[in-house]
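Worksheet: one structure, shown below.
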Amino acid sequence: HREELSPSFDARTLPVTMPVIHYPEMQSAEEAIARLSDPEAKVSAHYLISREGEVTRLVLEDKRAWHAGVSYWRGIRDVNSASVGIELDHPGHKYGYVPFPDAQFEALVPLLARIVKNHSIPRANVVGHSDVAPQRKIDPGELFPWERLAEYGLCLPSPG
């Protein structure tokens, strides 16, 4: 784990009840970290996991990161306040959509397991950005291995 704290956060107004999985749709982890740390961009996440499996903390979990935008999940309209945002370094659909690397997935599992355990999050609340903002977002997309993550008991095979 390394830390590159972003200035883009504020106070939570809700308890954490969900992790939200994203991709930044950028060509490198460094580019994504720069964007998620840029005060002008007004966007952030709690963690970014590189394709090689390195986890970078960008916002402390007790703070509200700005990753979900206009979104909604099970009665919650301020998803940012109720969630931990996890960005998976990935080119996304814009730069050539590819499978998520094993090293990245293997780094996601213990991070997600700790978040789910610490906040007593039900499997049905482990979601992707496309679940909380279906009109606007498609990440992490059709190749994200929800079924594989479900084998660890961390989510449902298909969120919703």
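Here, A, B, ... name the chains of the structure tokens in the order displayed, residue numbers run from 1 inside each chain, and ligands are numbered from 1 in the same displayed order.
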Going by DSSP on the backbone, which bits of segment 3-160 of chain A are strand (DSSP E)? Write them as a ChimeraX atom specification, please.
-> /A:3,9-11,18-22,47-49,55-57,63-65,83-88,127-128
Would you pick out the contacts of segment 33-50 of chain A at 6 Å or less, using only C-alpha atoms, so that residues sharing its chain but fewer than 6 positions from it are not included, and give the list as a JSON list (two decimals) with C-alpha atoms, in the first residue's frame?
[["chain", "number", "residue", "atom", "x", "y", "z"],
["A", 6, "SER", "CA", -6.10, 13.79, -2.70],
["A", 8, "SER", "CA", -10.80, 16.30, -3.14],
["A", 56, "THR", "CA", -2.83, 3.45, -3.49],
["A", 57, "ARG", "CA", -4.94, 5.17, -0.85],
["A", 58, "LEU", "CA", -6.17, 8.55, -2.09],
["A", 59, "VAL", "CA", -8.79, 9.46, 0.53],
["A", 65, "ALA", "CA", -14.56, 10.91, -1.71],
["A", 66, "TRP", "CA", -16.10, 12.28, -4.90],
["A", 67, "HIS", "CA", -16.43, 9.27, -7.22],
["A", 85, "GLY", "CA", -14.83, 4.22, -3.98],
["A", 86, "ILE", "CA", -12.37, 1.77, -5.55],
["A", 87, "GLU", "CA", -10.85, 2.60, -8.95],
["A", 88, "LEU", "CA", -9.29, -0.24, -10.93],
["A", 89, "ASP", "CA", -6.60, 1.10, -13.26]]
Taking a cut-off of 12 Å and counting only C-alpha atoms, can you build a table that, for each residue of segment 2-24 of chain A near segment 125-143 of chain A, reports the nearest atom pair and how far apart they are in Å (one decimal), sorted by chain then residue number, as JSON lines?
{"residue": "A:Val16", "atom": "CA", "partner": "A:Asn125", "partner_atom": "CA", "distance": 10.4}
{"residue": "A:Thr17", "atom": "CA", "partner": "A:Asn125", "partner_atom": "CA", "distance": 7.0}
{"residue": "A:Met18", "atom": "CA", "partner": "A:Asn125", "partner_atom": "CA", "distance": 5.1}
{"residue": "A:Pro19", "atom": "CA", "partner": "A:Val126", "partner_atom": "CA", "distance": 5.4}
{"residue": "A:Val20", "atom": "CA", "partner": "A:Val127", "partner_atom": "CA", "distance": 5.1}
{"residue": "A:Ile21", "atom": "CA", "partner": "A:Gly128", "partner_atom": "CA", "distance": 4.5}
{"residue": "A:His22", "atom": "CA", "partner": "A:Pro140", "partner_atom": "CA", "distance": 5.1}
{"residue": "A:Tyr23", "atom": "CA", "partner": "A:Pro140", "partner_atom": "CA", "distance": 5.5}
{"residue": "A:Pro24", "atom": "CA", "partner": "A:Asp139", "partner_atom": "CA", "distance": 8.5}
List every residue of chain A that DSSP, applied to the backbone of this structure, places in helix (DSSP H, G or I), and write the result as a PyMOL selection string.
-> chain A and resi 29-36+79-82+102-118+123-125+129-132+146-150
Contacts of segment 90-104 of chain A within 6 Å, only C-alpha atoms, excl. fewer than 3 positions in-chain, as a ChimeraX atom specification | /A:23,25-27,51-53,107,143
Hey, can you spit out that residue selection with all heavy atoms as a compact mmCIF listing (two decimals), in the first residue's frame?
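New file selection-v1.txt:
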# COMPACT_ATOMS: atom_id res chain seq x y z
N TYR A 23 -13.72 2.02 -13.06
CA TYR A 23 -12.45 2.17 -13.75
C TYR A 23 -12.33 3.65 -14.13
O TYR A 23 -13.34 4.31 -14.39
CB TYR A 23 -12.29 1.25 -14.95
CG TYR A 23 -13.24 1.41 -16.12
CD1 TYR A 23 -13.48 2.65 -16.73
CD2 TYR A 23 -13.87 0.32 -16.67
CE1 TYR A 23 -14.32 2.78 -17.81
CE2 TYR A 23 -14.72 0.44 -17.77
CZ TYR A 23 -14.93 1.68 -18.33
OH TYR A 23 -15.76 1.81 -19.40
N GLU A 25 -10.83 4.88 -16.81
CA GLU A 25 -10.77 5.05 -18.26
C GLU A 25 -9.60 5.96 -18.64
O GLU A 25 -9.75 6.94 -19.36
CB GLU A 25 -12.09 5.60 -18.81
CG GLU A 25 -12.30 5.28 -20.28
CD GLU A 25 -13.73 5.43 -20.73
OE1 GLU A 25 -14.35 6.46 -20.46
OE2 GLU A 25 -14.26 4.47 -21.34
N MET A 26 -8.43 5.60 -18.12
CA MET A 26 -7.21 6.33 -18.44
C MET A 26 -6.14 5.32 -18.81
O MET A 26 -6.27 4.13 -18.56
CB MET A 26 -6.78 7.19 -17.27
CG MET A 26 -7.77 8.30 -16.99
SD MET A 26 -7.18 9.47 -15.81
CE MET A 26 -8.31 10.80 -16.11
N GLN A 27 -5.05 5.82 -19.40
CA GLN A 27 -4.06 4.90 -19.96
C GLN A 27 -3.03 4.40 -18.96
O GLN A 27 -2.29 3.47 -19.26
CB GLN A 27 -3.42 5.54 -21.18
CG GLN A 27 -4.48 5.77 -22.26
CD GLN A 27 -3.92 6.21 -23.59
OE1 GLN A 27 -2.79 5.91 -23.92
NE2 GLN A 27 -4.71 6.92 -24.35
N ARG A 51 -2.75 -2.05 -12.39
CA ARG A 51 -2.86 -3.32 -13.12
C ARG A 51 -1.92 -4.36 -12.53
O ARG A 51 -2.16 -5.56 -12.63
CB ARG A 51 -2.55 -3.11 -14.60
CG ARG A 51 -3.61 -2.26 -15.27
CD ARG A 51 -3.26 -1.83 -16.67
NE ARG A 51 -3.81 -0.49 -16.88
CZ ARG A 51 -3.80 0.16 -18.01
NH1 ARG A 51 -3.25 -0.37 -19.08
NH2 ARG A 51 -4.32 1.35 -18.10
N GLU A 52 -0.84 -3.89 -11.89
CA GLU A 52 0.13 -4.80 -11.27
C GLU A 52 -0.28 -5.21 -9.85
O GLU A 52 0.39 -6.02 -9.23
CB GLU A 52 1.51 -4.16 -11.23
CG GLU A 52 2.11 -3.85 -12.59
CD GLU A 52 1.48 -2.62 -13.27
OE1 GLU A 52 1.09 -1.65 -12.57
OE2 GLU A 52 1.34 -2.64 -14.50
N GLY A 53 -1.35 -4.59 -9.32
CA GLY A 53 -1.84 -4.96 -8.00
C GLY A 53 -1.40 -4.05 -6.87
O GLY A 53 -1.63 -4.37 -5.71
N ALA A 107 -5.39 -8.18 -5.65
CA ALA A 107 -5.24 -7.07 -4.70
C ALA A 107 -6.61 -6.54 -4.26
O ALA A 107 -6.76 -6.07 -3.13
CB ALA A 107 -4.42 -5.95 -5.33
N LEU A 143 -16.62 -7.19 -18.66
CA LEU A 143 -15.55 -8.15 -18.38
C LEU A 143 -15.15 -8.18 -16.90
O LEU A 143 -14.30 -8.97 -16.52
CB LEU A 143 -14.31 -7.86 -19.25
CG LEU A 143 -14.49 -8.04 -20.76
CD1 LEU A 143 -13.20 -7.71 -21.50
CD2 LEU A 143 -14.95 -9.44 -21.09
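Taking atom CA of Asn80 of chain A as the reference point, atom CA of Glu30 of chain A is found at 23.1 Å.
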Atom CA of Asp78 of chain A and atom CA of Glu147 of chain A are how many Å apart?
-> 27.3 Å
